[in-house]
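Engineer: Take this structure, written in structure tokens, and hold onto it; I'll ask about it next.
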Amino acid sequence: MTTTLADSPFLQAARGGTPSHTPVWFMRQAGRSLPEYRAVREGVAMLDSCFRPELVVEITMQPVRRHGVDAAIFFSDIVVPLKAIGVDLDIVPGTGPVVAEPIRSADQLAQLRDIEPDDVEPIAESVRGLVDELGSTPLIGFAGAPFTLASYLIEGGPSRDHRRTKQLMYAEPELWHALAGRLAAIAGQFLRVQVENGASAVQLFDSWAGALSLADYRRFVLPHSQAALSALDGLDVPRIHFGVGTGELLGAMGEAGVDVVGVDWRVPLDEAVKRIGPGKAVQGNLDPTTLFAPTEVVEREAARVIEAGRTAPGHVFNLGHGVLPDTDPDALTRLVDFVHGYDAR
């Protein structure tokens with residue numbers, strides 16, 4: 001019997017169904033924990049690698065070949081669409097994205113123009129190449145959420161307290177909404193390019209939204225996350241929304257126009273389901289550091305996650321954040337095998 005994308009356990013679970021086994025993929029599965037990744041990235045800057053289709057295809061495929069996961073996550077970075085439209089930034093090893101001229105005034109917004117096809121042709125080519133390679137395995141498109149992108153642009157790089165970001169939000173709300181609105185449009189365009197070229201689902205990743213109160217999230221962030229995701233209206237692909245430290249925001253995140261809410265490791269999935277409300281699948285949420293424990297501990301904790309996930313209409317197993325760089329790749333493979341075989345036990 002021929003297997004098609006529609007038969008994919010990942011897509012079935014993301015749409016609220018009950019597949020033959022619990023599907024699993026890992027955030028940052030295509031990355032630093034794999035020796036083959038480090039080999040192909042040697043001497044190539046991070047942002048350069050994101051614009052080389054042959055590298056993007058190879059890096060995205062590596063964990064699919066090695067671990068047998070149920071979905072591939074497009075190899076990219078949250079600042080790629082900003083780089084594509086000409087924002088002067090770089091990813092500094094050991095630091096993260098660094099912006100040459102932080103955006104803190106209205107006259108700087110003009111640089112945040114719409115994405116043109118030529119800006120992202122390497123991205124489109126990468127997606128098409130991956131769809132051909134993956135066959136019946138879904139590809140998840142990827143973009144950074146407006147709040148996280150705005151924080152990098154305002155702070156000039158990573159921040160522990162997001163002071164300048166919040167200062168701008170509170171003191172100049174009109175400027176904040178203009179900035180976040182432009183970023184929502186860019187994120188939505190970037191996601192749409194990936195879907196129109198063959199991605200089967202998308203994830204909007206909000207690294208820093210957990211720094212906000214629920215009231216501030218609803219006022220300053222939710223409308224813009226909704227706008228980014230609404231760019232995919234009519235394309236019939238599951239939409240995942242994930243943030244770090246967002247336990248108090250889960251219900252609001254579920255209102256952003258998503259099918260799946262990603263949950264970090266801090267909130268048990270059965271409790272998360274109550275906070276999110278009915279009708280949403282969940283993704284998560286094994287603590288990434290668990291993978292450094294003995295196999296019996298990993299399997300015990302994975303079983304707990306799977307059982308808690310049964311309270312949702314659909315459950316995609318994942319970590320509660322990205323794979324840590326020092327993780328043993330064999331531990332990930334063993335975990336995939338355990339999750340796939342769990343329901344048969």
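Residues in the structure tokens are named by chain (A, B, ... in the order shown) and by number from 1 within that chain; ligands are numbered from 1 in the order shown.
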Applying 6 Å and only C-alpha atoms, which residues near region 301-311 of chain A remain after dropping the ones on its own chain fewer than 3 positions away? List them as a PyMOL selection string.
Structural biologist: chain A and resi 269-270+298+315
Engineer: Please list as a list in words every residue within 8 Å of Asp343 (chain A), counting only C-alpha atoms and excluding residues in the same chain fewer than 4 positions away.
Structural biologist: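 Returned residues: His21, Thr22 and Val339 of chain A.
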Engineer: Export, as a short mmCIF file (atom, residue, chain, number, x, y, z; two decimals), in the first residue's frame, the selected residues with N, CA, C and O atoms.
Structural biologist:
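Generated output (part-v2.cif):
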```cif
data_model
loop_
_atom_site.label_atom_id
_atom_site.label_comp_id
_atom_site.auth_asym_id
_atom_site.auth_seq_id
_atom_site.Cartn_x
_atom_site.Cartn_y
_atom_site.Cartn_z
N HIS A 21 0.36 5.53 15.76
CA HIS A 21 1.29 5.68 16.88
C HIS A 21 1.47 7.17 17.17
O HIS A 21 1.16 8.01 16.34
N THR A 22 1.92 7.47 18.37
CA THR A 22 2.18 8.86 18.72
C THR A 22 3.33 9.39 17.87
O THR A 22 4.43 8.83 17.90
N VAL A 339 8.81 5.95 21.78
CA VAL A 339 7.52 6.61 21.56
C VAL A 339 6.73 5.87 20.50
O VAL A 339 5.52 5.64 20.65
#
```
Engineer: Of the residues A:Gly245, A:Gly141, A:Pro223, A:Gly96, which is the one nearest to Glu196 (chain A), using only C-alpha atoms?
Structural biologist: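 Going through A:Gly245, A:Gly141, A:Pro223, A:Gly96 one by one, the smallest distance to Glu196 (chain A) is for A:Gly141.
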Engineer: Could you please write out, as a PyMOL selection string, every residue of region 66-304 of chain A that DSSP assigns to strand (DSSP E)?
Structural biologist: chain A and resi 72-73+89-92+96-99+139-144+201-206+239-243+260-262+281-286
Engineer: Hey, which of A:Leu214, A:Leu235, A:Leu55, A:Leu89 ends up closest to Gly129 (chain A)? Count only C-alpha atoms.
Structural biologist: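 With only C-alpha atoms as the atom set, the closest residue is A:Leu55.
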Engineer: Please provide the set of residues having any atom within 8 Å of region 329-331 of chain A, restricted to only C-alpha atoms, with same-chain residues fewer than 2 positions apart removed, written as JSON, numbers by chain.
Structural biologist: {"A": [33, 34, 291, 295, 327, 333, 334, 335]}
Engineer: Those residues with C-alpha atoms, as a PDB file, in the first residue's frame please?
Structural biologist:
```pdb
ATOM      1  CA  SER A  33      23.862  17.563  18.485  1.00  0.00           C
ATOM      2  CA  LEU A  34      24.650  15.750  15.226  1.00  0.00           C
ATOM      3  CA  LEU A 291      18.002  12.869  27.688  1.00  0.00           C
ATOM      4  CA  THR A 295      17.494   5.167  29.402  1.00  0.00           C
ATOM      5  CA  THR A 327      22.842  15.460  23.661  1.00  0.00           C
ATOM      6  CA  THR A 333      16.986   7.595  18.358  1.00  0.00           C
ATOM      7  CA  ARG A 334      16.138   5.387  21.337  1.00  0.00           C
ATOM      8  CA  LEU A 335      13.481   7.862  22.405  1.00  0.00           C
TER       9      LEU A 335
END
```
Engineer: Extract, using only C-alpha atoms, all DNA, RNA and protein residues at most 12 Å from Leu168 (chain A), discarding same-chain residues fewer than 3 positions from it, and format them as a PyMOL selection string.
Structural biologist: chain A and resi 103-106+150-151+153-155+162-165+171-180+220
Engineer: Could you give me, as a PyMOL selection string, the residues within 7 Å of Leu191 (chain A), counting only C-alpha atoms and dropping anything in the same chain fewer than 2 positions from it?
Structural biologist: chain A and resi 141-143+187-189+193-195+202
Engineer: Residues near Asn318 (chain A), anyone? I mean within 7 Å using only C-alpha atoms, not counting same-chain ones fewer than 5 positions away, as an MDAnalysis selection string.
Structural biologist: chainID A and resid 24:26 283:286
Engineer: Can you work out which one of A:Glu255, A:Asp77, A:Asp326, A:Asp119 has the shortest atom-to-atom distance to Pro97 (chain A), counting only C-alpha atoms?
Structural biologist: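 Smallest distance to Pro97 (chain A) is found for A:Asp77.
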Engineer: Just want the 10 Å neighbourhood of region 121-127 of chain A, counted on only C-alpha atoms, with same-chain residues fewer than 5 positions away dropped. Output as a ChimeraX atom specification.
Structural biologist: /A:50-58,60,74-76,80-81,84,116,132-133,139-141,190,193-199
Engineer: For those residues, write C-alpha atoms to a file as a PDB file, in the first residue's frame.
Structural biologist:
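Output file out_7.pdb is given in full below:
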```
ATOM      1  CA  CYS A  50      20.381  29.095   5.627  1.00  0.00           C
ATOM      2  CA  PHE A  51      20.566  30.534   2.097  1.00  0.00           C
ATOM      3  CA  ARG A  52      22.334  27.555   0.473  1.00  0.00           C
ATOM      4  CA  PRO A  53      19.650  25.137  -0.721  1.00  0.00           C
ATOM      5  CA  GLU A  54      21.949  22.113  -0.916  1.00  0.00           C
ATOM      6  CA  LEU A  55      23.000  22.659   2.706  1.00  0.00           C
ATOM      7  CA  VAL A  56      19.458  23.331   3.919  1.00  0.00           C
ATOM      8  CA  VAL A  57      18.242  20.104   2.333  1.00  0.00           C
ATOM      9  CA  GLU A  58      21.100  18.052   3.747  1.00  0.00           C
ATOM     10  CA  THR A  60      17.054  19.147   7.387  1.00  0.00           C
ATOM     11  CA  PHE A  74      12.904  23.312   7.979  1.00  0.00           C
ATOM     12  CA  PHE A  75      16.477  24.325   8.795  1.00  0.00           C
ATOM     13  CA  SER A  76      16.440  28.079   9.226  1.00  0.00           C
ATOM     14  CA  VAL A  80      16.388  34.782   8.125  1.00  0.00           C
ATOM     15  CA  PRO A  81      13.445  36.789   6.712  1.00  0.00           C
ATOM     16  CA  ALA A  84      16.517  38.465   3.334  1.00  0.00           C
ATOM     17  CA  GLU A 116       9.742  39.939  -2.556  1.00  0.00           C
ATOM     18  CA  ASP A 132      11.086  15.808  -3.197  1.00  0.00           C
ATOM     19  CA  GLU A 133      13.501  14.140  -0.750  1.00  0.00           C
ATOM     20  CA  LEU A 139       7.964  19.212   6.260  1.00  0.00           C
ATOM     21  CA  ILE A 140       7.222  21.812   8.935  1.00  0.00           C
ATOM     22  CA  GLY A 141       7.789  25.412   7.906  1.00  0.00           C
ATOM     23  CA  PHE A 190       7.845  33.941   5.072  1.00  0.00           C
ATOM     24  CA  VAL A 193       6.415  31.053   0.876  1.00  0.00           C
ATOM     25  CA  GLN A 194       7.288  27.800   2.620  1.00  0.00           C
ATOM     26  CA  VAL A 195       3.745  26.417   2.400  1.00  0.00           C
ATOM     27  CA  GLU A 196       3.235  27.451  -1.213  1.00  0.00           C
ATOM     28  CA  ASN A 197       6.391  25.532  -2.104  1.00  0.00           C
ATOM     29  CA  GLY A 198       5.318  22.357  -0.307  1.00  0.00           C
ATOM     30  CA  ALA A 199       5.574  22.598   3.495  1.00  0.00           C
TER      31      ALA A 199
END
```
Engineer: State, in Å with one decimal place, the distance from CA of Ala110 (chain A) to CA of Leu149 (chain A).
Structural biologist: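 Separating CA of Ala110 (chain A) from CA of Leu149 (chain A) is a distance of 15.8 Å.
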Engineer: Could you find all residues in region 154-321 of chain A that DSSP calls alpha helix (DSSP H) from the backbone, and write them as JSON, numbers by chain?
Structural biologist: {"A": [154, 155, 163, 164, 165, 166, 167, 168, 169, 170, 171, 173, 174, 175, 176, 177, 178, 179, 180, 181, 182, 183, 184, 185, 186, 187, 188, 189, 190, 191, 192, 193, 194, 195, 196, 214, 215, 216, 222, 223, 224, 225, 226, 227, 228, 229, 230, 250, 251, 252, 253, 269, 270, 271, 272, 273, 274, 275, 276, 295, 296, 297, 298, 299, 300, 301, 302, 303, 304, 305, 306, 307, 308, 309]}
Engineer: How would the residues just picked look written out with C-alpha atoms as a compact mmCIF listing (two decimals), in the first residue's frame?
Structural biologist:
```txt
# COMPACT_ATOMS: atom_id res chain seq x y z
CA ILE A 154 14.96 46.76 19.66
CA GLU A 155 17.55 45.33 22.05
CA ARG A 163 13.97 46.22 29.20
CA ARG A 164 14.19 48.31 26.04
CA THR A 165 11.47 46.23 24.40
CA LYS A 166 9.03 46.69 27.26
CA GLN A 167 10.00 50.35 27.62
CA LEU A 168 9.05 50.96 24.00
CA MET A 169 5.80 48.99 24.40
CA TYR A 170 4.72 50.98 27.43
CA ALA A 171 6.01 54.42 26.45
CA PRO A 173 2.47 51.92 22.05
CA GLU A 174 1.75 53.33 18.60
CA LEU A 175 5.35 52.76 17.53
CA TRP A 176 5.28 49.29 19.09
CA HIS A 177 2.17 48.27 17.14
CA ALA A 178 3.58 49.70 13.92
CA LEU A 179 6.80 47.71 14.40
CA ALA A 180 5.05 44.50 15.45
CA GLY A 181 2.58 44.88 12.59
CA ARG A 182 5.39 45.08 10.05
CA LEU A 183 7.05 42.02 11.57
CA ALA A 184 3.77 40.10 11.55
CA ALA A 185 3.43 40.76 7.84
CA ILE A 186 7.01 39.62 7.20
CA ALA A 187 6.63 36.47 9.31
CA GLY A 188 3.36 35.63 7.58
CA GLN A 189 4.90 36.13 4.14
CA PHE A 190 7.84 33.94 5.07
CA LEU A 191 5.56 31.14 6.28
CA ARG A 192 3.40 31.41 3.18
CA VAL A 193 6.42 31.05 0.88
CA GLN A 194 7.29 27.80 2.62
CA VAL A 195 3.75 26.42 2.40
CA GLU A 196 3.23 27.45 -1.21
CA LEU A 214 -0.98 37.74 30.30
CA ALA A 215 -2.46 41.24 30.11
CA ASP A 216 0.53 42.59 28.20
CA LEU A 222 -1.61 38.36 20.48
CA PRO A 223 -3.06 40.54 17.67
CA HIS A 224 0.24 40.40 15.81
CA SER A 225 0.73 36.65 16.22
CA GLN A 226 -2.82 36.25 14.93
CA ALA A 227 -1.98 38.42 11.94
CA ALA A 228 1.15 36.40 11.12
CA LEU A 229 -0.73 33.12 11.22
CA SER A 230 -3.72 34.50 9.30
CA LEU A 250 -1.27 29.05 26.89
CA GLY A 251 -4.94 29.92 26.67
CA ALA A 252 -4.22 33.17 24.83
CA MET A 253 -1.73 31.48 22.51
CA LEU A 269 0.30 18.37 29.23
CA ASP A 270 -2.93 17.43 30.98
CA GLU A 271 -2.82 20.72 32.89
CA ALA A 272 -1.90 22.55 29.67
CA VAL A 273 -4.98 21.10 27.96
CA LYS A 274 -7.16 22.65 30.67
CA ARG A 275 -5.51 26.03 30.21
CA ILE A 276 -5.68 25.95 26.41
CA THR A 295 17.49 5.17 29.40
CA GLU A 296 15.02 3.80 31.96
CA VAL A 297 14.52 7.33 33.33
CA VAL A 298 14.03 8.77 29.85
CA GLU A 299 11.45 6.11 29.04
CA ARG A 300 9.61 6.58 32.33
CA GLU A 301 9.35 10.33 31.76
CA ALA A 302 8.40 9.88 28.10
CA ALA A 303 5.59 7.54 29.14
CA ARG A 304 4.33 10.16 31.57
CA VAL A 305 4.26 12.74 28.77
CA ILE A 306 2.42 10.39 26.40
CA GLU A 307 -0.20 9.54 29.00
CA ALA A 308 -0.78 13.21 29.84
CA GLY A 309 -1.05 13.98 26.13
```
